[in-house]
>>> print(open('query_30.pdb').read())   # PDB, C-alpha atoms, pLDDT in the B column
ATOM      1  CA  MET B   1     -30.471 -18.351  25.399  1.00 47.00           C
ATOM      2  CA  ILE B   2     -31.487 -18.461  21.734  1.00 45.00           C
ATOM      3  CA  LYS B   3     -32.204 -14.730  21.813  1.00 46.00           C
ATOM      4  CA  ASN B   4     -28.811 -14.059  23.382  1.00 47.00           C
ATOM      5  CA  ASN B   5     -27.035 -16.147  20.795  1.00 45.00           C
ATOM      6  CA  LYS B   6     -28.807 -14.281  18.000  1.00 44.00           C
ATOM      7  CA  LEU B   7     -27.776 -10.940  19.449  1.00 46.00           C
ATOM      8  CA  VAL B   8     -24.178 -12.070  19.863  1.00 41.00           C
ATOM      9  CA  SER B   9     -24.176 -13.280  16.271  1.00 43.00           C
ATOM     10  CA  THR B  10     -25.566  -9.941  15.106  1.00 43.00           C
ATOM     11  CA  VAL B  11     -22.871  -8.020  16.971  1.00 43.00           C
ATOM     12  CA  ALA B  12     -20.200 -10.295  15.510  1.00 43.00           C
ATOM     13  CA  CYS B  13     -21.516  -9.537  12.036  1.00 44.00           C
ATOM     14  CA  ILE B  14     -21.346  -5.815  12.772  1.00 44.00           C
ATOM     15  CA  LEU B  15     -17.763  -6.212  13.925  1.00 45.00           C
ATOM     16  CA  GLY B  16     -16.905  -8.048  10.744  1.00 46.00           C
ATOM     17  CA  LEU B  17     -18.455  -5.331   8.586  1.00 41.00           C
ATOM     18  CA  ALA B  18     -16.687  -2.633  10.586  1.00 43.00           C
ATOM     19  CA  VAL B  19     -13.241  -3.851   9.632  1.00 42.00           C
ATOM     20  CA  LEU B  20     -13.921  -4.610   5.975  1.00 42.00           C
ATOM     21  CA  PRO B  21     -12.170  -2.199   3.609  1.00 43.00           C
ATOM     22  CA  SER B  22     -14.451   0.150   1.706  1.00 42.00           C
ATOM     23  CA  VAL B  23     -15.051  -0.652  -1.947  1.00 45.00           C
ATOM     24  CA  ALA B  24     -14.788   2.205  -4.419  1.00 49.00           C
ATOM     25  CA  SER B  25     -17.682   2.816  -6.799  1.00 56.00           C
ATOM     26  CA  ALA B  26     -17.188   1.427 -10.273  1.00 68.00           C
ATOM     27  CA  GLY B  27     -15.253   3.787 -12.483  1.00 92.00           C
ATOM     28  CA  LEU B  28     -13.873   5.958  -9.676  1.00 95.00           C
ATOM     29  CA  SER B  29     -10.238   6.248  -8.652  1.00 96.00           C
ATOM     30  CA  ASP B  30      -8.554   5.092  -5.461  1.00 97.00           C
ATOM     31  CA  HIS B  31      -4.851   5.579  -6.009  1.00 98.00           C
ATOM     32  CA  THR B  32      -1.627   7.229  -5.046  1.00 98.00           C
ATOM     33  CA  PHE B  33       1.508   7.988  -7.105  1.00 98.00           C
ATOM     34  CA  ALA B  34      -0.387   8.290 -10.390  1.00 97.00           C
ATOM     35  CA  TRP B  35       1.061  10.362 -13.253  1.00 96.00           C
ATOM     36  CA  THR B  36       4.607   9.568 -12.172  1.00 97.00           C
ATOM     37  CA  HIS B  37       5.835   8.644 -15.662  1.00 95.00           C
ATOM     38  CA  ASN B  38       8.844  10.744 -16.652  1.00 93.00           C
ATOM     39  CA  VAL B  39       8.559  12.989 -13.567  1.00 91.00           C
ATOM     40  CA  GLY B  40      10.184  12.942 -10.166  1.00 87.00           C
ATOM     41  CA  SER B  41      12.228  10.047  -8.918  1.00 88.00           C
ATOM     42  CA  ALA B  42      12.053   7.122  -6.543  1.00 97.00           C
ATOM     43  CA  GLN B  43      15.051   7.197  -4.223  1.00 98.00           C
ATOM     44  CA  LEU B  44      16.396   5.015  -1.442  1.00 97.00           C
ATOM     45  CA  VAL B  45      18.344   6.915   1.217  1.00 97.00           C
ATOM     46  CA  LEU B  46      20.624   4.747   3.343  1.00 96.00           C
ATOM     47  CA  ASN B  47      22.149   5.778   6.652  1.00 95.00           C
ATOM     48  CA  GLY B  48      20.710   9.242   6.186  1.00 95.00           C
ATOM     49  CA  SER B  49      23.207  10.262   3.520  1.00 92.00           C
ATOM     50  CA  THR B  50      23.734   7.803   0.661  1.00 92.00           C
ATOM     51  CA  THR B  51      21.077   8.097  -2.048  1.00 95.00           C
ATOM     52  CA  TYR B  52      20.249   5.503  -4.694  1.00 95.00           C
ATOM     53  CA  THR B  53      17.801   6.292  -7.497  1.00 97.00           C
ATOM     54  CA  ALA B  54      15.596   3.435  -8.678  1.00 98.00           C
ATOM     55  CA  THR B  55      16.990   1.732 -11.750  1.00 97.00           C
ATOM     56  CA  ASN B  56      13.507   0.416 -12.527  1.00 97.00           C
ATOM     57  CA  ARG B  57      10.035   1.315 -11.295  1.00 98.00           C
ATOM     58  CA  GLY B  58       6.601   0.250 -12.447  1.00 98.00           C
ATOM     59  CA  TRP B  59       3.348  -1.545 -11.682  1.00 98.00           C
ATOM     60  CA  VAL B  60       1.571  -4.878 -12.134  1.00 98.00           C
ATOM     61  CA  ASP B  61      -2.231  -4.878 -12.283  1.00 98.00           C
ATOM     62  CA  GLU B  62      -4.829  -7.348 -11.042  1.00 98.00           C
ATOM     63  CA  PHE B  63      -4.781  -9.183 -14.390  1.00 98.00           C
ATOM     64  CA  GLY B  64      -1.040  -9.724 -14.164  1.00 98.00           C
ATOM     65  CA  THR B  65      -0.124  -7.085 -16.737  1.00 98.00           C
ATOM     66  CA  ASN B  66       3.292  -5.549 -16.052  1.00 98.00           C
ATOM     67  CA  ASN B  67       4.007  -2.107 -17.496  1.00 98.00           C
ATOM     68  CA  PHE B  68       7.789  -2.771 -17.265  1.00 98.00           C
ATOM     69  CA  GLY B  69       8.135   0.925 -16.535  1.00 96.00           C
ATOM     70  CA  GLY B  70      11.911   1.208 -16.555  1.00 96.00           C
ATOM     71  CA  ALA B  71      13.899   4.057 -15.046  1.00 96.00           C
ATOM     72  CA  THR B  72      11.163   6.662 -15.668  1.00 96.00           C
ATOM     73  CA  GLY B  73       8.054   4.473 -15.539  1.00 97.00           C
ATOM     74  CA  ASN B  74       4.744   5.202 -13.868  1.00 97.00           C
ATOM     75  CA  TYR B  75       4.452   3.629 -10.402  1.00 98.00           C
ATOM     76  CA  ILE B  76       0.789   4.117  -9.583  1.00 98.00           C
ATOM     77  CA  ALA B  77      -0.610   2.028  -6.713  1.00 98.00           C
ATOM     78  CA  GLY B  78      -4.367   1.474  -6.619  1.00 98.00           C
ATOM     79  CA  THR B  79      -7.127   2.057  -9.163  1.00 97.00           C
ATOM     80  CA  CYS B  80      -7.177   4.602 -11.970  1.00 96.00           C
ATOM     81  CA  GLY B  81     -10.890   5.063 -12.660  1.00 96.00           C
ATOM     82  CA  SER B  82     -12.593   5.475 -16.031  1.00 95.00           C
ATOM     83  CA  SER B  83     -15.299   7.909 -14.926  1.00 93.00           C
ATOM     84  CA  ASP B  84     -13.213  10.646 -13.315  1.00 93.00           C
ATOM     85  CA  SER B  85     -10.211  12.785 -14.221  1.00 91.00           C
ATOM     86  CA  CYS B  86      -7.842   9.805 -14.187  1.00 93.00           C
ATOM     87  CA  GLY B  87      -9.506   8.343 -17.278  1.00 92.00           C
ATOM     88  CA  GLY B  88      -8.133   4.861 -16.595  1.00 94.00           C
ATOM     89  CA  SER B  89      -9.213   1.246 -16.957  1.00 94.00           C
ATOM     90  CA  ASP B  90     -10.579   0.590 -13.435  1.00 96.00           C
ATOM     91  CA  THR B  91      -7.933  -2.049 -12.751  1.00 97.00           C
ATOM     92  CA  PHE B  92      -6.080  -2.213  -9.435  1.00 98.00           C
ATOM     93  CA  ALA B  93      -2.284  -2.083  -9.532  1.00 98.00           C
ATOM     94  CA  ASN B  94       0.536  -2.771  -7.088  1.00 98.00           C
ATOM     95  CA  ASN B  95       3.838  -1.017  -7.710  1.00 98.00           C
ATOM     96  CA  TYR B  96       7.504  -1.975  -7.478  1.00 98.00           C
ATOM     97  CA  PHE B  97      10.992  -0.490  -7.362  1.00 98.00           C
ATOM     98  CA  ALA B  98      14.458  -1.881  -8.050  1.00 98.00           C
ATOM     99  CA  PHE B  99      17.659  -0.420  -6.623  1.00 97.00           C
ATOM    100  CA  ASP B 100      21.255  -1.280  -7.412  1.00 95.00           C
ATOM    101  CA  VAL B 101      22.765  -1.484  -3.911  1.00 93.00           C
ATOM    102  CA  HIS B 102      26.020  -3.258  -4.721  1.00 84.00           C
ATOM    103  CA  ARG B 103      27.880  -0.391  -2.999  1.00 77.00           C
ATOM    104  CA  ALA B 104      25.634  -0.406   0.086  1.00 71.00           C
ATOM    105  CA  ILE B 105      27.604  -1.866   2.935  1.00 77.00           C
ATOM    106  CA  GLY B 106      26.917  -1.475   6.640  1.00 85.00           C
ATOM    107  CA  THR B 107      23.316  -0.295   6.225  1.00 90.00           C
ATOM    108  CA  THR B 108      21.731   0.771   9.511  1.00 94.00           C
ATOM    109  CA  SER B 109      18.730   2.789   8.286  1.00 96.00           C
ATOM    110  CA  ALA B 110      16.723   3.211   5.098  1.00 97.00           C
ATOM    111  CA  VAL B 111      14.106   5.643   3.844  1.00 98.00           C
ATOM    112  CA  LEU B 112      12.170   5.341   0.582  1.00 98.00           C
ATOM    113  CA  ASN B 113      11.366   8.729  -0.983  1.00 98.00           C
ATOM    114  CA  LEU B 114       8.613   8.721  -3.615  1.00 98.00           C
ATOM    115  CA  TYR B 115       7.461  11.739  -5.580  1.00 98.00           C
ATOM    116  CA  GLN B 116       3.736  12.550  -5.586  1.00 98.00           C
ATOM    117  CA  PRO B 117       2.826  14.641  -8.653  1.00 97.00           C
ATOM    118  CA  ALA B 118       1.118  17.983  -8.098  1.00 97.00           C
ATOM    119  CA  VAL B 119      -2.383  18.849  -9.256  1.00 96.00           C
ATOM    120  CA  GLY B 120      -2.281  19.313 -13.032  1.00 95.00           C
ATOM    121  CA  GLU B 121       1.242  17.908 -13.361  1.00 95.00           C
ATOM    122  CA  ASN B 122       1.940  15.482 -16.195  1.00 94.00           C
ATOM    123  CA  GLY B 123      -1.766  15.131 -16.958  1.00 91.00           C
ATOM    124  CA  GLY B 124      -3.036  14.528 -13.441  1.00 93.00           C
ATOM    125  CA  ALA B 125      -5.937  16.938 -12.936  1.00 93.00           C
ATOM    126  CA  ASN B 126      -6.200  15.944  -9.269  1.00 94.00           C
ATOM    127  CA  GLY B 127      -2.549  15.218  -8.577  1.00 96.00           C
ATOM    128  CA  GLY B 128      -0.920  11.881  -7.862  1.00 97.00           C
ATOM    129  CA  PHE B 129      -3.368  11.094  -5.041  1.00 98.00           C
ATOM    130  CA  LEU B 130      -7.055  10.667  -5.890  1.00 97.00           C
ATOM    131  CA  SER B 131      -9.297   8.531  -3.697  1.00 96.00           C
ATOM    132  CA  GLN B 132     -12.817   7.900  -2.475  1.00 93.00           C
ATOM    133  CA  SER B 133     -11.282   7.709   0.995  1.00 94.00           C
ATOM    134  CA  ALA B 134      -9.836  10.671   2.875  1.00 95.00           C
ATOM    135  CA  ALA B 135      -6.559   8.753   3.067  1.00 97.00           C
ATOM    136  CA  LEU B 136      -4.992   5.541   1.823  1.00 98.00           C
ATOM    137  CA  LEU B 137      -2.572   3.291   3.652  1.00 98.00           C
ATOM    138  CA  TYR B 138       0.443   2.600   1.452  1.00 98.00           C
ATOM    139  CA  THR B 139       2.278  -0.524   2.612  1.00 98.00           C
ATOM    140  CA  LEU B 140       5.610  -1.839   1.357  1.00 98.00           C
ATOM    141  CA  PHE B 141       6.563  -5.520   1.101  1.00 98.00           C
ATOM    142  CA  ASP B 142       9.440  -7.775   0.206  1.00 98.00           C
ATOM    143  CA  VAL B 143       9.535  -9.223  -3.313  1.00 98.00           C
ATOM    144  CA  SER B 144      10.546 -12.818  -3.923  1.00 96.00           C
ATOM    145  CA  GLY B 145      10.035 -12.794  -7.689  1.00 97.00           C
ATOM    146  CA  ASN B 146      11.516 -10.567 -10.377  1.00 97.00           C
ATOM    147  CA  PRO B 147       9.185  -7.715 -11.389  1.00 98.00           C
ATOM    148  CA  LEU B 148      11.594  -6.753 -14.158  1.00 97.00           C
ATOM    149  CA  SER B 149      10.689  -9.896 -16.065  1.00 97.00           C
ATOM    150  CA  ASP B 150       7.676 -11.557 -14.402  1.00 98.00           C
ATOM    151  CA  THR B 151       4.026 -11.165 -15.352  1.00 98.00           C
ATOM    152  CA  GLY B 152       0.837 -12.769 -14.066  1.00 98.00           C
ATOM    153  CA  LEU B 153      -1.044 -12.914 -10.794  1.00 98.00           C
ATOM    154  CA  GLY B 154       1.934 -14.429  -9.001  1.00 98.00           C
ATOM    155  CA  ILE B 155       3.993 -11.264  -9.201  1.00 98.00           C
ATOM    156  CA  PHE B 156       0.916  -9.060  -8.626  1.00 98.00           C
ATOM    157  CA  ASN B 157       0.264 -10.842  -5.334  1.00 98.00           C
ATOM    158  CA  ASP B 158       3.965 -10.961  -4.501  1.00 98.00           C
ATOM    159  CA  LEU B 159       4.157  -7.153  -4.486  1.00 98.00           C
ATOM    160  CA  ALA B 160       1.494  -6.961  -1.773  1.00 98.00           C
ATOM    161  CA  SER B 161       2.312  -9.858   0.538  1.00 98.00           C
ATOM    162  CA  GLY B 162       5.056 -11.373   2.639  1.00 98.00           C
ATOM    163  CA  ASN B 163       7.244  -9.405   5.022  1.00 98.00           C
ATOM    164  CA  SER B 164       6.104  -5.823   5.509  1.00 98.00           C
ATOM    165  CA  TYR B 165       8.857  -3.228   5.112  1.00 98.00           C
ATOM    166  CA  GLY B 166       6.869  -0.243   6.406  1.00 98.00           C
ATOM    167  CA  SER B 167       3.753   1.822   5.710  1.00 98.00           C
ATOM    168  CA  ILE B 168       2.432   5.365   5.657  1.00 98.00           C
ATOM    169  CA  SER B 169      -0.957   7.079   5.454  1.00 98.00           C
ATOM    170  CA  VAL B 170      -1.166   9.215   2.309  1.00 98.00           C
ATOM    171  CA  ASP B 171      -3.763  11.868   1.468  1.00 98.00           C
ATOM    172  CA  SER B 172      -4.276  14.747  -0.948  1.00 97.00           C
ATOM    173  CA  SER B 173      -1.945  17.003   1.042  1.00 98.00           C
ATOM    174  CA  SER B 174       0.945  14.963  -0.369  1.00 98.00           C
ATOM    175  CA  ASN B 175       0.285  16.149  -3.935  1.00 98.00           C
ATOM    176  CA  GLY B 176       3.306  18.038  -5.195  1.00 97.00           C
ATOM    177  CA  SER B 177       5.673  16.737  -2.534  1.00 97.00           C
ATOM    178  CA  ILE B 178       7.970  13.896  -1.550  1.00 98.00           C
ATOM    179  CA  VAL B 179       6.423  11.065   0.463  1.00 98.00           C
ATOM    180  CA  SER B 180       9.047   9.541   2.776  1.00 98.00           C
ATOM    181  CA  ILE B 181       8.548   6.048   4.200  1.00 98.00           C
ATOM    182  CA  THR B 182      10.945   4.873   6.898  1.00 98.00           C
ATOM    183  CA  LEU B 183      11.794   1.228   6.262  1.00 98.00           C
ATOM    184  CA  ASN B 184      11.977  -1.240   9.132  1.00 98.00           C
ATOM    185  CA  ALA B 185      14.690  -3.633  10.293  1.00 98.00           C
ATOM    186  CA  ALA B 186      13.468  -6.370   7.933  1.00 98.00           C
ATOM    187  CA  ALA B 187      14.038  -4.064   4.966  1.00 98.00           C
ATOM    188  CA  VAL B 188      17.492  -3.042   6.210  1.00 96.00           C
ATOM    189  CA  ALA B 189      18.414  -6.724   6.525  1.00 95.00           C
ATOM    190  CA  ALA B 190      17.145  -7.371   2.992  1.00 96.00           C
ATOM    191  CA  ILE B 191      19.271  -4.519   1.641  1.00 95.00           C
ATOM    192  CA  ASP B 192      22.337  -6.049   3.279  1.00 91.00           C
ATOM    193  CA  ALA B 193      21.375  -9.444   1.849  1.00 91.00           C
ATOM    194  CA  ALA B 194      21.025  -7.935  -1.629  1.00 92.00           C
ATOM    195  CA  TYR B 195      24.448  -6.333  -1.292  1.00 86.00           C
ATOM    196  CA  ASN B 196      25.908  -9.759  -0.562  1.00 78.00           C
ATOM    197  CA  SER B 197      24.114 -11.536  -3.438  1.00 80.00           C
ATOM    198  CA  THR B 198      22.631 -10.059  -6.621  1.00 81.00           C
ATOM    199  CA  GLY B 199      23.183  -6.416  -5.721  1.00 90.00           C
ATOM    200  CA  THR B 200      19.561  -5.613  -6.574  1.00 95.00           C
ATOM    201  CA  PHE B 201      17.043  -4.699  -3.891  1.00 97.00           C
ATOM    202  CA  PHE B 202      13.374  -5.060  -4.849  1.00 98.00           C
ATOM    203  CA  ILE B 203      10.472  -3.576  -2.930  1.00 98.00           C
ATOM    204  CA  GLY B 204       6.742  -3.708  -3.703  1.00 98.00           C
ATOM    205  CA  GLY B 205       3.811  -1.598  -2.553  1.00 98.00           C
ATOM    206  CA  THR B 206       0.028  -1.613  -2.338  1.00 98.00           C
ATOM    207  CA  VAL B 207      -2.759   0.592  -0.984  1.00 98.00           C
ATOM    208  CA  SER B 208      -5.791  -0.009   1.208  1.00 96.00           C
ATOM    209  CA  PRO B 209      -8.351   2.354   2.771  1.00 93.00           C
ATOM    210  CA  VAL B 210      -7.555   3.923   6.131  1.00 88.00           C
ATOM    211  CA  PRO B 211     -10.567   3.214   8.411  1.00 74.00           C
ATOM    212  CA  GLU B 212     -12.618   6.308   9.259  1.00 64.00           C
ATOM    213  CA  PRO B 213     -13.009   7.308  12.938  1.00 61.00           C
ATOM    214  CA  GLU B 214     -16.664   6.221  12.729  1.00 55.00           C
ATOM    215  CA  THR B 215     -15.499   2.698  11.929  1.00 48.00           C
ATOM    216  CA  TYR B 216     -13.421   2.543  15.092  1.00 43.00           C
ATOM    217  CA  GLY B 217     -16.423   3.853  17.065  1.00 53.00           C
ATOM    218  CA  MET B 218     -18.651   1.136  15.653  1.00 54.00           C
ATOM    219  CA  LEU B 219     -16.030  -1.474  16.428  1.00 49.00           C
ATOM    220  CA  LEU B 220     -15.680  -0.356  20.050  1.00 57.00           C
ATOM    221  CA  ALA B 221     -19.459  -0.173  20.518  1.00 58.00           C
ATOM    222  CA  GLY B 222     -19.860  -3.676  19.121  1.00 61.00           C
ATOM    223  CA  LEU B 223     -17.181  -5.018  21.415  1.00 63.00           C
ATOM    224  CA  GLY B 224     -18.932  -3.394  24.381  1.00 62.00           C
ATOM    225  CA  VAL B 225     -22.275  -4.973  23.531  1.00 59.00           C
ATOM    226  CA  LEU B 226     -20.650  -8.332  22.930  1.00 60.00           C
ATOM    227  CA  GLY B 227     -18.854  -8.181  26.280  1.00 61.00           C
ATOM    228  CA  PHE B 228     -22.081  -7.241  28.065  1.00 56.00           C
ATOM    229  CA  MET B 229     -23.978 -10.147  26.521  1.00 64.00           C
ATOM    230  CA  VAL B 230     -21.205 -12.611  27.385  1.00 58.00           C
ATOM    231  CA  ARG B 231     -21.204 -11.464  31.046  1.00 66.00           C
ATOM    232  CA  ARG B 232     -25.001 -11.671  31.186  1.00 61.00           C
ATOM    233  CA  ARG B 233     -25.017 -15.146  29.714  1.00 63.00           C
ATOM    234  CA  ASN B 234     -22.395 -16.278  32.243  1.00 62.00           C
ATOM    235  CA  GLN B 235     -24.475 -14.872  35.104  1.00 61.00           C
ATOM    236  CA  VAL B 236     -27.595 -16.689  33.911  1.00 60.00           C
ATOM    237  CA  ALA B 237     -25.665 -19.915  33.519  1.00 59.00           C
TER
END
>>> encode(input="query_30.pdb", output="structure tokens")
Amino acid sequence: MIKNNKLVSTVACILGLAVLPSVASAGLSDHTFAWTHNVGSAQLVLNGSTTYTATNRGWVDEFGTNNFGGATGNYIAGTCGSSDSCGGSDTFANNYFAFDVHRAIGTTSAVLNLYQPAVGENGGANGGFLSQSAALLYTLFDVSGNPLSDTGLGIFNDLASGNSYGSISVDSSSNGSIVSITLNAAAVAAIDAAYNSTGTFFIGGTVSPVPEPETYGMLLAGLGVLGFMVRRRNQVA
């Protein structure tokens, strides 16, 4: 029984490791939408036809620093490394967008279009996407604070938590193109709520690694072993 328990514990540990996000090496980049300052636009398309350009866009990093990007600000999400072509500070950033939707009434659908700079554009030697992973999951969230004025860890965390508004897997093939994220019903409801209150719709975003196929294989194998050991233990009991 002790041996069985040890094996079950070992499998559980493997399962836990299998779902942990990968950690980038120090000084290397894991980001999307870098080099977006002064280029491209962030646009919200409602009902398939009405387009709103972000009035403000920017990022807040893990130390709570807000770049207060403005209408043409950089909206990188992730880490700009110091030891590769990004030449950054190794700090992780979440991004945000603000849209004036005071004319948006009767919203039934919403798509967020974000420009991904091309390789070599605006200083980005590797384009807007540069990662240690083959792809990154970019996830959008509601924002309860005000990224146009707030700083600190509160707003940093706010941009990456709460109600999810949608997500998309992004990779290097997106460099030089528009990345379109279809927003869900929660986002559509929030746009309607913004129309009926302040008129400003905020949305925040963050990135995380997309698990490799090998990770899923390890997870399934671990579950199989765990199930086998549980059945065996029940039979012995």
>>> closest_residue(input="query_30.pdb", among="B:Ala186, B:Ile181, B:Leu46, B:Leu28", to="Phe92 of chain B", atoms="all atoms listed in the file")
B:Leu28
>>> residues_around(input="query_30.pdb", residues="segment 112-117 of chain B", least_positions_apart="3", cutoff="6 Å", atoms="all atoms listed in the file", output="ChimeraX atom specification")
/B:33,40,42-44,121,127-128,175-181
>>> write_last_selection(input="query_30.pdb", atoms="C-alpha atoms", output="PDB file, keeping the file's coordinate frame")
ATOM      1  CA  PHE B  33       1.508   7.988  -7.105  1.00 98.00           C
ATOM      2  CA  GLY B  40      10.184  12.942 -10.166  1.00 87.00           C
ATOM      3  CA  ALA B  42      12.053   7.122  -6.543  1.00 97.00           C
ATOM      4  CA  GLN B  43      15.051   7.197  -4.223  1.00 98.00           C
ATOM      5  CA  LEU B  44      16.396   5.015  -1.442  1.00 97.00           C
ATOM      6  CA  GLU B 121       1.242  17.908 -13.361  1.00 95.00           C
ATOM      7  CA  GLY B 127      -2.549  15.218  -8.577  1.00 96.00           C
ATOM      8  CA  GLY B 128      -0.920  11.881  -7.862  1.00 97.00           C
ATOM      9  CA  ASN B 175       0.285  16.149  -3.935  1.00 98.00           C
ATOM     10  CA  GLY B 176       3.306  18.038  -5.195  1.00 97.00           C
ATOM     11  CA  SER B 177       5.673  16.737  -2.534  1.00 97.00           C
ATOM     12  CA  ILE B 178       7.970  13.896  -1.550  1.00 98.00           C
ATOM     13  CA  VAL B 179       6.423  11.065   0.463  1.00 98.00           C
ATOM     14  CA  SER B 180       9.047   9.541   2.776  1.00 98.00           C
ATOM     15  CA  ILE B 181       8.548   6.048   4.200  1.00 98.00           C
TER      16      ILE B 181
END
>>> atom_distance(input="query_30.pdb", atom1="atom CA of Ile191 of chain B", atom2="atom CA of Ser169 of chain B")
23.6 Å
>>> closest_residue(input="query_30.pdb", among="B:Ala93, B:Ile203, B:Ile155, B:Val210", to="Asp142 of chain B", atoms="all atoms listed in the file")
B:Ile203
>>> atom_distance(input="query_30.pdb", atom1="atom CA of Ala185 of chain B", atom2="atom CA of Gly204 of chain B")
16.1 Å
>>> atom_distance(input="query_30.pdb", atom1="atom CA of Gln132 of chain B", atom2="atom CA of Asn95 of chain B")
19.6 Å
>>> residues_around(input="query_30.pdb", residues="segment 68-77 of chain B", least_positions_apart="4", cutoff="6 Å", atoms="all atoms listed in the file", output="ChimeraX atom specification")
/B:31-34,36-38,55-59,93-95,206
